[in-house]
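Asker: The structure that follows is given in the form of structure tokens.
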Amino acid sequence: MRIDVLTLFPEVFEPFLASSIVGRAVTSGLVEIACTNFRDFTHDKHRSVDDRPFSGGPGMVMMCGPVFDAVEHVSRGCEVEATKILLTPQGERLNQRIVSELSRDSHLVLLCGHYEGFDERIRLGLRPREISIGDYVLSGGEAAAIVLVDAVVRLLPGALGHEDGAANDSFSDGLLEHPQYTRPRTYRDMEVPEVLLSGNHAEIEAWRRRESIERTRDRRPDLLKESDGPNEHP
Ligand code: ADE
């Protein structure tokens with residue numbers, strides 16, 4: 001997979017792209033990630049990427065020129081059309097289903113906005129998929145792009161470095177993940193549940209499933225309604 005991140009602040013991504021699971025996926029060649037600065041596609045002496053809105057009001061708007069040119073630059077020579085994604089609080093809310101869909105694409109181009117937003121013709125001309133990471137407003141799309149890249153890259157086969165990969169993650173089957181324990185068996189009078197020490201794999205599997213359903217009912221009953229309904233999770 002290739003991911004191009006278009007941004008005014010490429011330096012924000014450096015430590016993230018070099019660390020942890022994403023860093024390892026980059027080093028091992030599972031994913032190639034490049035950051036491109038919109039400012040490299042300006043032609044005036046101030047290297048302007050934004051201007052005042054025609055409608056008046058406060059704030060600045062990202063201009064068409066540098067955005068179209070940057071997208072065309074990273075798309076040049078690519079046989080398969082990239083999936084263009086604009087990070088915006090007005091987009092569809094990101095969830096694991098969307099992440100999983102995106103993880104099957106071969107080329108993602110992420111557009112991180114700043115200021116009051118993008119000139120509307122960027123939406124009309126590039127027809128990007130618009131994605132929000134939640135109902136709150138960030139000062140730019142960079143943090144949202146980091147969230148998206150992290151969630152997508154960990155789903156690439158081999159990224160997690162163990163065979164089951166992300167199969168047990170919360171949301172992968174519409175449920176939250178069961179609780180986890182590690183050594184020691186007792187910590188400050190709190191015990192690891194007996195069944196986990198039994199070595200009985202069928203019982204442990206049944207425990208995980210029960211805990212997973214109970215946790216989802218407690219914390220996110222909306223997920224049980226959204227997925228396959230309570231009959232599937234007795
Ligand atoms: N840019 C600003 N706020 C955002 C959000 N909530 N999601 C995605 N991009 C954004």
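Please note that chains go A, B, ... in the order of the structure tokens, that every chain numbers its residues from 1, and that ligands are numbered from 1 in the order shown.
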Would you mind listing the residues within 10 Å of ligand 1, counting only C-alpha atoms and all ligand atoms, as number ranges by chain?
Answerer: A: 86-94, 111-117, 130-145, 147-148
Asker: Would you please extract all alpha helix (DSSP H) residues from stretch 72-204 of chain A, as assigned by DSSP on the backbone, and give them as number ranges by chain?
Answerer: A: 72-75, 96-102, 120-126, 142-153, 201-204
Asker: Could you pull the residues within 12 Å of A:Cys78, counting only C-alpha atoms, minus those fewer than 6 positions along the same chain, as a PDB file with N, CA, C and O atoms, in the first residue's frame?
Answerer:
```
ATOM      1  N   ARG A   2       0.352   2.298  -0.677  1.00  0.00           N
ATOM      2  CA  ARG A   2       1.038   3.590  -0.602  1.00  0.00           C
ATOM      3  C   ARG A   2       0.076   4.611   0.002  1.00  0.00           C
ATOM      4  O   ARG A   2      -1.121   4.616  -0.324  1.00  0.00           O
ATOM      5  N   VAL A  71      -2.357  17.131  -5.358  1.00  0.00           N
ATOM      6  CA  VAL A  71      -3.025  15.845  -5.621  1.00  0.00           C
ATOM      7  C   VAL A  71      -2.570  15.289  -6.970  1.00  0.00           C
ATOM      8  O   VAL A  71      -2.240  14.099  -7.091  1.00  0.00           O
ATOM      9  N   GLU A  72      -2.521  16.158  -7.975  1.00  0.00           N
ATOM     10  CA  GLU A  72      -2.086  15.686  -9.300  1.00  0.00           C
ATOM     11  C   GLU A  72      -0.632  15.212  -9.261  1.00  0.00           C
ATOM     12  O   GLU A  72      -0.277  14.212  -9.879  1.00  0.00           O
ATOM     13  N   SER A 106      -5.092   0.237  -2.640  1.00  0.00           N
ATOM     14  CA  SER A 106      -3.636   0.199  -2.863  1.00  0.00           C
ATOM     15  C   SER A 106      -2.990   1.578  -2.711  1.00  0.00           C
ATOM     16  O   SER A 106      -1.791   1.689  -2.492  1.00  0.00           O
ATOM     17  N   HIS A 107      -3.786   2.648  -2.824  1.00  0.00           N
ATOM     18  CA  HIS A 107      -3.195   3.993  -2.737  1.00  0.00           C
ATOM     19  C   HIS A 107      -4.191   4.955  -2.093  1.00  0.00           C
ATOM     20  O   HIS A 107      -5.280   5.173  -2.624  1.00  0.00           O
ATOM     21  N   LEU A 108      -3.822   5.507  -0.951  1.00  0.00           N
ATOM     22  CA  LEU A 108      -4.664   6.510  -0.290  1.00  0.00           C
ATOM     23  C   LEU A 108      -3.964   7.865  -0.387  1.00  0.00           C
ATOM     24  O   LEU A 108      -2.753   7.955  -0.179  1.00  0.00           O
ATOM     25  N   VAL A 109      -4.732   8.891  -0.689  1.00  0.00           N
ATOM     26  CA  VAL A 109      -4.204  10.265  -0.645  1.00  0.00           C
ATOM     27  C   VAL A 109      -5.032  11.024   0.387  1.00  0.00           C
ATOM     28  O   VAL A 109      -6.244  11.192   0.226  1.00  0.00           O
TER      29      VAL A 109
END
```
Asker: So which residues touch A:Asn37 within 12 Å, counting only C-alpha atoms, skipping near sequence neighbours fewer than 3 positions away, as an MDAnalysis selection string?
Answerer: chainID A and resid 4:13 34 40:42 47 49 66:67 69:71 73:74 110:113
Asker: If you take only C-alpha atoms and a cut-off of 8 Å, which residues of stretch 87-194 of chain A touch stretch 206-212 of chain A, and what are their nearest atom pairs and distances in Å to one decimal, in chain and number order, as CSV?
Answerer:
```
residue,atom,partner,partner_atom,distance
A:Leu175,CA,A:Ser212,CA,6.4
A:Leu176,CA,A:Ser212,CA,5.7
A:Glu177,CA,A:Ser212,CA,5.4
A:His178,CA,A:Ser212,CA,4.4
A:Pro179,CA,A:Glu211,CA,7.2
```
Asker: Got time to write the residues from that selection, C-alpha atoms, as a PDB file, in the first residue's frame?
Answerer:
```pdb
ATOM      1  CA  LEU A 175     -18.138  -6.254  19.881  1.00  0.00           C
ATOM      2  CA  LEU A 176     -15.720  -4.724  22.370  1.00  0.00           C
ATOM      3  CA  GLU A 177     -12.750  -6.865  23.290  1.00  0.00           C
ATOM      4  CA  HIS A 178     -12.816  -9.007  26.456  1.00  0.00           C
ATOM      5  CA  PRO A 179     -10.621  -7.997  29.447  1.00  0.00           C
TER       6      PRO A 179
END
```
Asker: Could you please determine the separation between atom CA of A:Ile213 and atom CA of A:Ala167 in Å, to one decimal place?
Answerer: 15.8 Å
